[in-house]
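K.L.:
Just so it is clear, I am handing over query26.tsv, which has TSV, C-alpha atoms.
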chain	number	residue	atom	x	y	z
A	1	MET	CA	-19.52	19.66	17.43
A	2	ILE	CA	-18.49	21.02	20.83
A	3	CYS	CA	-14.84	20.38	19.97
A	4	VAL	CA	-15.25	22.09	16.60
A	5	SER	CA	-17.00	25.10	18.16
A	6	VAL	CA	-14.44	25.55	20.95
A	7	THR	CA	-11.57	25.16	18.49
A	8	ALA	CA	-13.07	27.70	16.10
A	9	VAL	CA	-13.44	30.27	18.90
A	10	ALA	CA	-9.92	29.56	20.13
A	11	ALA	CA	-8.53	29.84	16.61
A	12	LEU	CA	-10.09	33.31	16.21
A	13	THR	CA	-9.10	34.68	19.62
A	14	LEU	CA	-5.91	33.06	20.96
A	15	PRO	CA	-3.57	34.08	18.09
A	16	ARG	CA	-4.75	37.71	18.40
A	17	PHE	CA	-4.36	37.61	22.20
A	18	GLU	CA	-0.90	36.14	21.80
A	19	ASN	CA	0.12	38.76	19.25
A	20	ALA	CA	-1.12	41.58	21.49
A	21	TYR	CA	0.17	40.47	24.89
A	22	LEU	CA	2.71	37.66	24.35
A	23	ALA	CA	4.59	38.99	21.34
A	24	SER	CA	7.88	38.85	23.20
A	25	TYR	CA	7.53	35.08	23.69
A	26	ASN	CA	8.52	33.15	20.60
A	27	GLN	CA	10.34	29.99	19.68
A	28	ASN	CA	13.85	29.92	18.28
A	29	VAL	CA	12.61	28.04	15.25
A	30	SER	CA	12.74	29.30	11.70
A	31	VAL	CA	9.50	30.29	10.02
A	32	ALA	CA	10.02	27.69	7.29
A	33	SER	CA	10.53	24.86	9.82
A	34	ALA	CA	7.45	25.84	11.85
A	35	GLN	CA	5.33	26.05	8.70
A	36	ALA	CA	6.52	22.63	7.57
A	37	LEU	CA	5.80	21.16	11.02
A	38	LEU	CA	2.29	22.58	11.33
A	39	SER	CA	1.46	21.79	7.71
A	40	SER	CA	2.41	18.15	8.18
A	41	ILE	CA	0.36	17.93	11.40
A	42	ALA	CA	-2.72	19.48	9.74
A	43	SER	CA	-2.59	17.34	6.60
A	44	GLY	CA	-1.66	14.21	8.51
A	45	MET	CA	-4.50	14.58	11.02
A	46	MET	CA	-7.06	15.08	8.27
A	47	ALA	CA	-5.93	11.93	6.46
A	48	LEU	CA	-5.74	9.96	9.71
A	49	THR	CA	-9.25	11.02	10.70
A	50	GLY	CA	-10.71	9.86	7.40
A	51	ILE	CA	-8.94	6.50	7.42
A	52	VAL	CA	-9.43	5.65	11.10
A	53	PHE	CA	-13.12	6.46	11.27
A	54	SER	CA	-13.96	4.86	7.96
A	55	LEU	CA	-12.46	1.62	9.27
A	56	ALA	CA	-14.02	2.09	12.72
A	57	PHE	CA	-17.55	2.51	11.39
A	58	VAL	CA	-17.12	-0.41	9.00
A	59	MET	CA	-15.97	-2.60	11.92
A	60	VAL	CA	-18.87	-1.49	14.11
A	61	GLN	CA	-21.40	-2.10	11.35
A	62	PHE	CA	-19.92	-5.48	10.42
A	63	SER	CA	-19.66	-6.68	14.02
A	64	ALA	CA	-23.17	-5.51	14.90
A	65	THR	CA	-24.54	-7.24	11.81
A	66	VAL	CA	-22.79	-10.48	12.71
A	67	TYR	CA	-23.91	-10.36	16.37
A	68	SER	CA	-27.22	-8.47	16.33
A	69	PRO	CA	-28.59	-5.43	14.45
A	70	ARG	CA	-29.68	-4.02	17.81
A	71	LEU	CA	-26.04	-3.62	18.79
A	72	VAL	CA	-25.37	-0.97	16.11
A	73	LEU	CA	-26.69	1.95	18.16
A	74	TRP	CA	-25.05	0.72	21.38
A	75	LEU	CA	-21.61	0.30	19.80
A	76	GLY	CA	-21.94	3.46	17.72
A	77	ARG	CA	-22.66	5.57	20.82
A	78	ASP	CA	-19.34	4.70	22.45
A	79	PRO	CA	-18.02	8.01	23.92
A	80	VAL	CA	-14.42	7.11	22.99
A	81	LEU	CA	-15.45	7.14	19.34
A	82	TYR	CA	-16.87	10.65	19.51
A	83	HIS	CA	-14.20	12.13	21.76
A	84	SER	CA	-11.54	10.80	19.38
A	85	LEU	CA	-13.28	12.32	16.38
A	86	GLY	CA	-13.62	15.67	18.19
A	87	ILE	CA	-9.97	15.85	19.25
A	88	PHE	CA	-8.72	14.77	15.82
A	89	ILE	CA	-10.71	17.54	14.13
A	90	ALA	CA	-9.67	20.05	16.81
A	91	THR	CA	-6.00	19.26	16.16
A	92	PHE	CA	-6.46	19.78	12.44
A	93	LEU	CA	-8.36	23.06	12.80
A	94	TYR	CA	-6.05	24.62	15.37
A	95	ALA	CA	-2.98	23.59	13.38
A	96	ILE	CA	-4.42	25.59	10.46
A	97	ALA	CA	-5.02	28.59	12.77
A	98	ALA	CA	-1.49	28.38	14.21
A	99	LEU	CA	-0.08	28.13	10.71
A	100	ALA	CA	-1.84	31.37	9.78
A	101	SER	CA	-0.37	33.16	12.83
A	102	ILE	CA	3.24	32.42	11.93
A	103	ASP	CA	5.16	35.44	10.64
A	104	ARG	CA	2.13	37.63	11.42
A	105	TYR	CA	2.46	41.11	9.88
A	106	GLY	CA	5.92	40.09	8.60
A	107	SER	CA	7.34	39.81	12.12
A	108	GLY	CA	9.32	36.67	11.30
A	109	LYS	CA	8.27	35.16	14.65
A	110	VAL	CA	6.82	31.75	15.50
A	111	PRO	CA	4.17	32.04	18.29
A	112	LEU	CA	5.01	29.94	21.33
A	113	LEU	CA	1.53	29.42	22.82
A	114	SER	CA	-0.24	28.38	19.62
A	115	THR	CA	2.53	25.99	18.65
A	116	MET	CA	2.52	24.38	22.09
A	117	ILE	CA	-1.29	23.98	21.95
A	118	VAL	CA	-0.96	22.16	18.63
A	119	ILE	CA	1.71	19.85	20.08
A	120	LEU	CA	-0.49	19.09	23.12
A	121	LEU	CA	-3.46	18.37	20.89
A	122	LEU	CA	-1.28	16.06	18.81
A	123	ILE	CA	-0.24	14.16	21.96
A	124	ALA	CA	-3.89	13.92	23.07
A	125	SER	CA	-4.84	12.64	19.60
A	126	THR	CA	-2.15	9.97	19.80
A	127	MET	CA	-3.40	8.80	23.21
A	128	LEU	CA	-7.03	8.72	22.04
A	129	PHE	CA	-5.98	6.85	18.91
A	130	ALA	CA	-4.41	4.16	21.08
A	131	ARG	CA	-7.54	4.09	23.26
A	132	LEU	CA	-9.74	3.82	20.18
A	133	VAL	CA	-7.76	0.87	18.85
A	134	GLN	CA	-8.04	-0.77	22.26
A	135	ARG	CA	-11.78	-0.15	22.32
A	136	LEU	CA	-12.27	-1.64	18.86
A	137	THR	CA	-10.74	-4.88	20.13
A	138	SER	CA	-13.73	-5.07	22.50
A	139	LEU	CA	-15.79	-6.02	19.44
A	140	GLN	CA	-14.50	-9.57	19.87
A	141	ILE	CA	-17.39	-11.90	20.62
A	142	THR	CA	-16.28	-12.77	24.17
A	143	ARG	CA	-15.99	-9.13	25.19
A	144	VAL	CA	-19.29	-8.19	23.56
A	145	LEU	CA	-21.07	-10.94	25.49
A	146	GLN	CA	-19.35	-9.92	28.73
A	147	SER	CA	-20.33	-6.27	28.22
A	148	ILE	CA	-23.98	-7.18	27.62
A	149	GLY	CA	-24.02	-9.46	30.65
A	150	LYS	CA	-22.42	-6.81	32.85
A	151	ARG	CA	-25.08	-4.26	31.94
A	152	GLY	CA	-27.84	-6.77	32.52
A	153	ARG	CA	-26.54	-7.67	35.98
A	154	LYS	CA	-26.40	-4.01	36.90
A	155	VAL	CA	-30.03	-3.44	35.86
A	156	VAL	CA	-31.24	-6.51	37.78
A	157	LYS	CA	-29.45	-5.33	40.92
A	158	GLU	CA	-30.99	-1.86	40.66
A	159	SER	CA	-34.51	-3.02	39.74
A	160	PHE	CA	-35.30	-5.91	42.08
A	161	PRO	CA	-34.77	-6.28	45.85
A	162	LEU	CA	-33.37	-9.48	47.34
A	163	LEU	CA	-35.83	-12.09	48.48
A	164	ASP	CA	-36.62	-11.98	52.19
A	165	ALA	CA	-39.65	-12.27	54.44
A	166	THR	CA	-40.04	-8.51	54.84
A	167	ALA	CA	-40.00	-7.88	51.08
A	168	ALA	CA	-42.52	-10.69	50.51
A	169	GLU	CA	-44.92	-9.27	53.12
A	170	LYS	CA	-44.63	-5.80	51.67
A	171	VAL	CA	-45.30	-7.03	48.14
A	172	ALA	CA	-48.30	-9.07	49.32
A	173	LEU	CA	-49.78	-6.04	51.08
A	174	LEU	CA	-49.24	-3.72	48.11
A	175	SER	CA	-50.60	-6.37	45.75
A	176	SER	CA	-53.86	-6.58	47.70
A	177	MET	CA	-54.09	-2.77	47.58
A	178	ALA	CA	-53.52	-2.88	43.82
A	179	GLU	CA	-56.42	-5.28	43.26
A	180	GLU	CA	-58.77	-2.92	45.06
A	181	VAL	CA	-57.48	0.14	43.17
A	182	GLN	CA	-57.74	-1.38	39.70
A	183	ASN	CA	-61.39	-2.27	40.26
A	184	LEU	CA	-62.17	1.46	40.53
A	185	LYS	CA	-63.07	3.59	37.53
A	186	PRO	CA	-60.06	5.69	36.39
A	187	SER	CA	-60.26	9.44	36.85
A	188	GLN	CA	-57.69	10.13	34.10
A	189	THR	CA	-56.53	8.20	31.04
A	190	ILE	CA	-53.46	9.16	29.02
A	191	TYR	CA	-52.92	7.95	25.46
A	192	TYR	CA	-49.85	8.26	23.26
A	193	THR	CA	-49.94	10.17	19.98
A	194	GLY	CA	-47.18	10.13	17.40
A	195	GLU	CA	-44.85	7.75	15.63
A	196	PRO	CA	-44.02	4.39	17.24
A	197	ARG	CA	-41.50	4.77	20.07
A	198	ALA	CA	-40.04	2.42	22.65
A	199	VAL	CA	-40.58	2.99	26.36
A	200	ALA	CA	-37.08	3.50	27.76
A	201	THR	CA	-37.62	4.41	31.42
A	202	PHE	CA	-40.19	5.55	33.97
A	203	ASP	CA	-39.34	8.41	36.31
A	204	VAL	CA	-40.58	6.47	39.33
A	205	LYS	CA	-39.89	9.24	41.85
A	206	ALA	CA	-41.74	11.83	39.77
A	207	LEU	CA	-44.75	9.55	39.26
A	208	VAL	CA	-44.96	8.72	42.98
A	209	ARG	CA	-44.70	12.42	43.83
A	210	LEU	CA	-47.42	13.38	41.33
A	211	ALA	CA	-49.74	10.67	42.66
A	212	GLY	CA	-49.07	11.65	46.27
A	213	GLU	CA	-49.87	15.31	45.63
A	214	VAL	CA	-53.47	14.45	44.70
A	215	ASP	CA	-53.82	11.27	46.80
A	216	ALA	CA	-54.16	9.01	43.72
A	217	VAL	CA	-52.68	5.80	42.31
A	218	ILE	CA	-51.08	5.75	38.86
A	219	VAL	CA	-51.36	2.48	36.92
A	220	MET	CA	-48.97	2.12	33.98
A	221	ASP	CA	-50.48	0.20	31.07
A	222	CYS	CA	-47.20	0.20	29.12
A	223	ALA	CA	-44.08	-1.59	30.30
A	224	VAL	CA	-40.44	-0.66	29.87
A	225	GLY	CA	-39.40	-2.12	26.53
A	226	ASP	CA	-42.86	-1.85	24.95
A	227	THR	CA	-43.29	-0.04	21.65
A	228	VAL	CA	-46.21	2.36	21.74
A	229	GLY	CA	-48.03	3.67	18.70
A	230	GLU	CA	-50.87	6.04	17.90
A	231	GLU	CA	-53.62	5.92	20.58
A	232	SER	CA	-51.73	3.38	22.69
A	233	LEU	CA	-52.82	3.50	26.33
A	234	LEU	CA	-49.96	4.79	28.50
A	235	LEU	CA	-51.43	5.05	31.99
A	236	ARG	CA	-54.52	5.43	34.11
A	237	VAL	CA	-55.00	7.48	37.26
A	238	HIS	CA	-57.32	6.05	39.92
A	239	GLY	CA	-58.78	8.24	42.63
A	240	GLY	CA	-57.35	11.62	43.51
A	241	THR	CA	-58.61	14.90	44.87
A	242	ASN	CA	-57.57	16.78	41.74
A	243	THR	CA	-56.39	16.27	38.17
A	244	ILE	CA	-52.69	15.64	37.55
A	245	PRO	CA	-51.27	17.83	34.74
A	246	GLU	CA	-51.04	15.66	31.64
A	247	ALA	CA	-47.73	17.22	30.57
A	248	SER	CA	-46.13	16.19	33.87
A	249	LEU	CA	-47.31	12.61	33.43
A	250	ARG	CA	-45.98	12.44	29.89
A	251	ARG	CA	-42.58	13.85	30.94
A	252	ALA	CA	-42.24	11.01	33.46
A	253	ILE	CA	-42.25	8.47	30.61
A	254	ARG	CA	-39.07	8.64	28.52
A	255	LEU	CA	-39.47	7.34	24.98
A	256	GLU	CA	-36.63	6.45	22.62
A	257	SER	CA	-36.30	5.27	19.05
A	258	GLU	CA	-35.39	1.79	20.32
A	259	ARG	CA	-35.10	-0.15	23.57
A	260	THR	CA	-32.35	0.67	26.05
A	261	PHE	CA	-30.69	-1.15	28.94
A	262	GLU	CA	-32.08	1.20	31.59
A	263	GLN	CA	-34.79	-0.39	33.78
A	264	ASP	CA	-35.08	-3.26	31.27
A	265	PRO	CA	-33.31	-6.46	32.36
A	266	LYS	CA	-35.01	-8.32	29.51
A	267	TYR	CA	-33.10	-6.29	26.92
A	268	SER	CA	-29.75	-7.81	27.89
A	269	LEU	CA	-31.27	-11.28	27.57
A	270	ARG	CA	-32.77	-10.28	24.22
A	271	LEU	CA	-29.35	-9.27	22.85
A	272	LEU	CA	-27.64	-12.41	24.17
A	273	VAL	CA	-30.31	-14.60	22.62
A	274	ASP	CA	-29.98	-12.70	19.33
A	275	VAL	CA	-26.26	-13.42	19.25
A	276	ALA	CA	-26.88	-17.10	20.04
A	277	ILE	CA	-29.57	-17.74	17.43
A	278	ARG	CA	-27.66	-15.81	14.78
A	279	ALA	CA	-24.67	-18.05	15.47
A	280	LEU	CA	-26.97	-21.08	15.07
A	281	SER	CA	-28.26	-19.98	11.66
A	282	PRO	CA	-27.34	-22.24	8.71
A	283	ALA	CA	-25.32	-19.39	7.18
A	284	ILE	CA	-22.95	-19.27	10.17
A	285	ASN	CA	-23.12	-22.66	11.98
A	286	ASP	CA	-21.22	-21.57	15.09
A	287	PRO	CA	-22.71	-23.42	18.10
A	288	THR	CA	-19.69	-22.54	20.24
A	289	THR	CA	-20.75	-18.88	20.19
A	290	ALA	CA	-24.23	-19.96	21.28
A	291	VAL	CA	-22.65	-21.84	24.19
A	292	GLN	CA	-20.71	-18.71	25.18
A	293	ALA	CA	-23.95	-16.73	25.10
A	294	LEU	CA	-25.58	-19.35	27.33
A	295	ASP	CA	-22.79	-18.82	29.88
A	296	GLN	CA	-23.90	-15.21	30.25
A	297	ILE	CA	-27.62	-16.07	30.04
A	298	GLU	CA	-27.37	-18.58	32.88
A	299	ASP	CA	-25.57	-16.09	35.10
A	300	LEU	CA	-28.11	-13.38	34.29
A	301	LEU	CA	-31.02	-15.67	35.18
A	302	ARG	CA	-29.48	-16.57	38.52
A	303	ARG	CA	-29.76	-12.90	39.57
A	304	PRO	CA	-33.55	-12.39	39.20
A	305	GLY	CA	-34.02	-15.98	40.40
A	306	ARG	CA	-32.90	-14.84	43.86
A	307	ARG	CA	-34.81	-11.56	43.84
A	308	GLU	CA	-38.36	-10.32	44.33
A	309	LEU	CA	-39.77	-10.05	40.81
A	310	GLU	CA	-43.10	-8.55	41.87
A	311	ALA	CA	-41.45	-5.15	42.14
A	312	GLY	CA	-44.09	-3.23	40.19
A	313	TYR	CA	-45.79	-1.82	43.29
A	314	ILE	CA	-44.32	1.42	44.62
A	315	ALA	CA	-45.47	3.10	47.84
A	316	ASP	CA	-44.68	6.56	49.16
A	317	ALA	CA	-42.95	7.37	52.45
A	318	THR	CA	-46.16	6.68	54.39
A	319	GLY	CA	-46.57	3.20	52.91
A	320	THR	CA	-49.50	4.17	50.67
A	321	LEU	CA	-49.55	2.58	47.21
A	322	ARG	CA	-48.93	5.23	44.55
A	323	LEU	CA	-47.62	3.51	41.41
A	324	ILE	CA	-48.26	0.19	39.64
A	325	PHE	CA	-46.33	-0.89	36.55
A	326	PRO	CA	-45.96	-4.26	34.74
A	327	THR	CA	-42.95	-6.46	35.48
A	328	PRO	CA	-41.96	-9.78	33.87
A	329	THR	CA	-42.60	-13.07	35.67
A	330	TRP	CA	-40.06	-15.85	36.19
A	331	GLU	CA	-41.67	-17.81	33.34
A	332	ASP	CA	-41.25	-14.76	31.07
A	333	TYR	CA	-37.52	-14.81	31.75
A	334	LEU	CA	-37.26	-18.54	31.03
A	335	VAL	CA	-39.17	-18.27	27.76
A	336	LEU	CA	-37.12	-15.30	26.59
A	337	ALA	CA	-33.81	-16.87	27.56
A	338	PHE	CA	-34.26	-20.41	26.27
A	339	ASP	CA	-37.15	-20.88	23.84
A	340	GLU	CA	-35.53	-19.60	20.65
A	341	ILE	CA	-32.16	-21.16	21.44
A	342	ARG	CA	-33.88	-24.50	22.03
A	343	GLN	CA	-35.78	-24.19	18.75
A	344	TYR	CA	-32.88	-23.10	16.54
A	345	GLY	CA	-30.31	-25.31	18.28
A	346	ALA	CA	-32.49	-28.41	18.57
A	347	THR	CA	-30.21	-30.47	16.31
A	348	SER	CA	-26.96	-29.33	17.94
A	349	ILE	CA	-25.68	-31.76	20.59
A	350	GLN	CA	-23.34	-29.07	21.91
A	351	VAL	CA	-26.13	-26.55	22.48
A	352	MET	CA	-28.50	-29.12	24.00
A	353	ARG	CA	-25.87	-30.28	26.50
A	354	ARG	CA	-25.02	-26.72	27.55
A	355	LEU	CA	-28.69	-25.79	27.77
A	356	ARG	CA	-29.36	-28.82	29.97
A	357	SER	CA	-26.47	-27.90	32.25
A	358	ALA	CA	-27.79	-24.33	32.56
A	359	LEU	CA	-31.28	-25.55	33.50
A	360	ILE	CA	-30.08	-28.11	36.06
A	361	ASP	CA	-27.74	-25.60	37.73
A	362	LEU	CA	-30.47	-22.96	37.65
A	363	ALA	CA	-32.92	-25.31	39.37
A	364	ASP	CA	-30.36	-25.81	42.14
A	365	ALA	CA	-29.67	-22.08	42.45
A	366	VAL	CA	-33.17	-20.56	42.73
A	367	PRO	CA	-34.59	-20.62	46.29
A	368	VAL	CA	-38.31	-20.37	45.42
A	369	PRO	CA	-40.00	-23.79	44.97
A	370	GLU	CA	-42.40	-22.49	42.30
A	371	ARG	CA	-39.48	-21.26	40.24
A	372	ARG	CA	-37.69	-24.61	40.57
A	373	VAL	CA	-40.84	-26.35	39.34
A	374	ALA	CA	-40.92	-24.04	36.29
A	375	VAL	CA	-37.28	-24.88	35.50
A	376	GLN	CA	-37.93	-28.63	35.91
A	377	HIS	CA	-40.90	-28.35	33.56
A	378	TYR	CA	-38.69	-26.64	31.02
A	379	LEU	CA	-36.11	-29.39	31.43
A	380	GLU	CA	-38.73	-31.99	30.56
A	381	HIS	CA	-39.63	-29.93	27.51
A	382	LEU	CA	-35.96	-30.01	26.52
A	383	ASN	CA	-35.93	-33.83	26.78
A	384	LEU	CA	-38.87	-34.03	24.40
A	385	ALA	CA	-37.13	-31.67	21.96
A	386	VAL	CA	-34.03	-33.89	21.94
A	387	GLU	CA	-36.10	-36.98	21.18
A	388	ARG	CA	-38.06	-35.21	18.47
A	389	HIS	CA	-35.22	-33.52	16.56
A	390	ILE	CA	-32.22	-35.81	17.05
A	391	ILE	CA	-32.91	-39.08	15.27
A	392	ASP	CA	-29.78	-41.10	16.03
A	393	ILE	CA	-30.05	-42.98	19.35
A	394	GLU	CA	-26.39	-42.47	20.25
A	395	ASP	CA	-26.67	-38.75	19.58
A	396	GLN	CA	-29.76	-38.61	21.80
A	397	LEU	CA	-27.85	-40.21	24.66
A	398	ARG	CA	-25.07	-37.66	24.28
A	399	ALA	CA	-27.51	-34.76	24.03
A	400	LEU	CA	-29.25	-35.90	27.23
A	401	GLN	CA	-26.04	-35.40	29.20
A	402	GLU	CA	-25.13	-32.06	30.74
A	403	ASP	CA	-21.91	-30.28	29.90
A	404	ARG	CA	-21.01	-26.71	30.80
A	405	GLN	CA	-18.57	-26.65	27.89
A	406	GLY	CA	-21.12	-27.97	25.42
A	407	LEU	CA	-18.76	-30.66	24.17
A	408	GLY	CA	-15.89	-31.12	26.56
A	409	LEU	CA	-16.71	-32.53	29.99
A	410	SER	CA	-19.81	-34.65	30.51
A	411	ARG	CA	-21.61	-34.68	33.84
A	412	ARG	CA	-23.74	-37.58	35.01
A	413	ARG	CA	-26.58	-35.70	36.66
A	414	ALA	CA	-28.81	-35.87	33.59
A	415	VAL	CA	-32.37	-37.06	33.98
A	416	LYS	CA	-32.49	-40.69	32.92
A	417	ARG	CA	-35.03	-41.48	30.27
A	418	THR	CA	-35.91	-44.65	28.41
A	419	ILE	CA	-35.39	-44.24	24.70
How would this structure read if it were set down as structure tokens?
P.N.:
Amino acid sequence: MICVSVTAVAALTLPRFENAYLASYNQNVSVASAQALLSSIASGMMALTGIVFSLAFVMVQFSATVYSPRLVLWLGRDPVLYHSLGIFIATFLYAIAALASIDRYGSGKVPLLSTMIVILLLIASTMLFARLVQRLTSLQITRVLQSIGKRGRKVVKESFPLLDATAAEKVALLSSMAEEVQNLKPSQTIYYTGEPRAVATFDVKALVRLAGEVDAVIVMDCAVGDTVGEESLLLRVHGGTNTIPEASLRRAIRLESERTFEQDPKYSLRLLVDVAIRALSPAINDPTTAVQALDQIEDLLRRPGRRELEAGYIADATGTLRLIFPTPTWEDYLVLAFDEIRQYGATSIQVMRRLRSALIDLADAVPVPERRVAVQHYLEHLNLAVERHIIDIEDQLRALQEDRQGLGLSRRRAVKRTI
């Protein structure tokens, strides 16, 4: 719409400006040739816009349906898609305006500036068309999985600090403060009213500032990724010398129509798992895609496995606790990442082998003993699933081996079990 608005203003003003001040500048091209050129550009761009974007939206819809319905909004919001549409329409509209300015008042002249603008817009449209075609190739499954994993790694890096003794001491101190605070009666309670919406982000700095101004502690009862409905509890304020304006508190919680990647490392895992279990459905039967998704899932889990997950306690510059919000535990990540894939891929030797490899490597990678114990427990659960769902003894033996390729290169580190 910005492109259309700017083009409409330019179409009304530039030809008049050119006729008034640049009338002496014109091209040595006949009126008939210029009209034919601009007419072909205008008609061609309109047809190209219709064809290209019809195919683009069909591809986005089809790919998102095959991978996950939650990818429709993400793929459809690609800025290249909208910039291309804007420039294509701008080229068409300004070509029409330039066509109307040819032979103005019977002068027999072809305006130089307007014609050159049309040519430049045509070149820009060609470059964006090439970029759009290149971007549509990113809908291939490997690139989609890589893009989701990349966003997830970025969110983990921004959300959780690395594990170290200082971070652990700080979290322990703030956690003890939080227990004392939450036992107090809240001075303010904020509820949500309206249609169901997903919590996209918290404005952490604003919430800490608001709590510090009245010497209070804000406790979030909703988590990033939650869907809140009518009368859902959003937050509680404990303590404080004064009341925090309710409008300011509500502005610090950004709600969207659906979950987003911001501040939500679980959302990337959710999308990867969606792709994997859709590939494992009887209608598709594509365990190799599930294995590719597990490649990204394993790498994503390694990141929070080395970081401080109890990051839901925020202090101000003086070290005073000001904000508490829910964060997922290590077990939450394991359940989200592996449970559904284990259930839907229980009869696939390829998926079981890759899942085993991911768990064994993950147990070696995480530095916290409690987290290694949780992974080992999950590995035992996987052994039971293999015995329960794969009847053939030979297939069980194969499924109990680890293989990063699924079916390709067996490793011999599998837990030995008597069958």
K.L.:
Would you mind reading off the distance between CA of Arg322 in chain A and CA of Gly239 in chain A, one decimal, in Å?
P.N.:
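Interatomic distance, CA of Arg322 in chain A to CA of Gly239 in chain A: 10.5 Å.
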K.L.:
Any idea what's packed within 8 Å of Leu113 in chain A, counting only C-alpha atoms, ignoring anything in its chain fewer than 3 positions away? Could you give it as a PyMOL selection string?
P.N.:
chain A and resi 18+116-117
K.L.:
Between CA of Arg306 in chain A and CA of Thr260 in chain A, measure the distance and give it in Å to one decimal.
P.N.:
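Taking CA of Arg306 in chain A as the start and CA of Thr260 in chain A as the end point, the length is 23.6 Å.
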K.L.:
Counting all atoms listed in the file, which residue out of A:Asp361, A:Asp316, A:Pro265, A:Gln182 sits closest to Thr329 in chain A?
P.N.:
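Of A:Asp361, A:Asp316, A:Pro265, A:Gln182, the one nearest Thr329 in chain A is A:Pro265, counting all atoms listed in the file.
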K.L.:
Fewer than 4 positions away in the same chain doesn't count, so skip those; otherwise give me all residues within 8 Å of range 338-345 of chain A, counting only C-alpha atoms, as a PyMOL selection string.
P.N.:
chain A and resi 273+276-277+280-281+287+334+351-352+355+382+385
K.L.:
Using the incomplete input, complete range 141-152 of chain A to the level of N, CA and C atoms; output as a PDB file, in the frame of the given file.
P.N.:
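Result file selection10.pdb:
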ATOM      1  N   ILE A 141     -16.132 -11.337  20.149  1.00  0.00           N
ATOM      2  CA  ILE A 141     -17.390 -11.900  20.620  1.00  0.00           C
ATOM      3  C   ILE A 141     -17.404 -12.080  22.134  1.00  0.00           C
ATOM      4  N   THR A 142     -16.295 -12.543  22.723  1.00  0.00           N
ATOM      5  CA  THR A 142     -16.280 -12.770  24.170  1.00  0.00           C
ATOM      6  C   THR A 142     -16.502 -11.478  24.924  1.00  0.00           C
ATOM      7  N   ARG A 143     -15.850 -10.405  24.494  1.00  0.00           N
ATOM      8  CA  ARG A 143     -15.990  -9.130  25.190  1.00  0.00           C
ATOM      9  C   ARG A 143     -17.363  -8.518  24.974  1.00  0.00           C
ATOM     10  N   VAL A 144     -17.929  -8.697  23.803  1.00  0.00           N
ATOM     11  CA  VAL A 144     -19.290  -8.190  23.560  1.00  0.00           C
ATOM     12  C   VAL A 144     -20.281  -8.882  24.492  1.00  0.00           C
ATOM     13  N   LEU A 145     -20.165 -10.201  24.603  1.00  0.00           N
ATOM     14  CA  LEU A 145     -21.070 -10.940  25.490  1.00  0.00           C
ATOM     15  C   LEU A 145     -20.866 -10.528  26.947  1.00  0.00           C
ATOM     16  N   GLN A 146     -19.622 -10.340  27.346  1.00  0.00           N
ATOM     17  CA  GLN A 146     -19.350  -9.920  28.730  1.00  0.00           C
ATOM     18  C   GLN A 146     -19.921  -8.535  29.003  1.00  0.00           C
ATOM     19  N   SER A 147     -19.802  -7.627  28.035  1.00  0.00           N
ATOM     20  CA  SER A 147     -20.330  -6.270  28.220  1.00  0.00           C
ATOM     21  C   SER A 147     -21.850  -6.282  28.365  1.00  0.00           C
ATOM     22  N   ILE A 148     -22.520  -7.089  27.529  1.00  0.00           N
ATOM     23  CA  ILE A 148     -23.980  -7.180  27.620  1.00  0.00           C
ATOM     24  C   ILE A 148     -24.387  -7.768  28.969  1.00  0.00           C
ATOM     25  N   GLY A 149     -23.706  -8.842  29.374  1.00  0.00           N
ATOM     26  CA  GLY A 149     -24.020  -9.460  30.650  1.00  0.00           C
ATOM     27  C   GLY A 149     -23.789  -8.524  31.822  1.00  0.00           C
ATOM     28  N   LYS A 150     -22.726  -7.747  31.767  1.00  0.00           N
ATOM     29  CA  LYS A 150     -22.420  -6.810  32.850  1.00  0.00           C
ATOM     30  C   LYS A 150     -23.529  -5.766  32.995  1.00  0.00           C
ATOM     31  N   ARG A 151     -23.995  -5.243  31.871  1.00  0.00           N
ATOM     32  CA  ARG A 151     -25.080  -4.260  31.940  1.00  0.00           C
ATOM     33  C   ARG A 151     -26.367  -4.875  32.466  1.00  0.00           C
ATOM     34  N   GLY A 152     -26.641  -6.101  32.040  1.00  0.00           N
ATOM     35  CA  GLY A 152     -27.840  -6.770  32.520  1.00  0.00           C
ATOM     36  C   GLY A 152     -27.800  -7.019  34.017  1.00  0.00           C
TER      37      GLY A 152
END
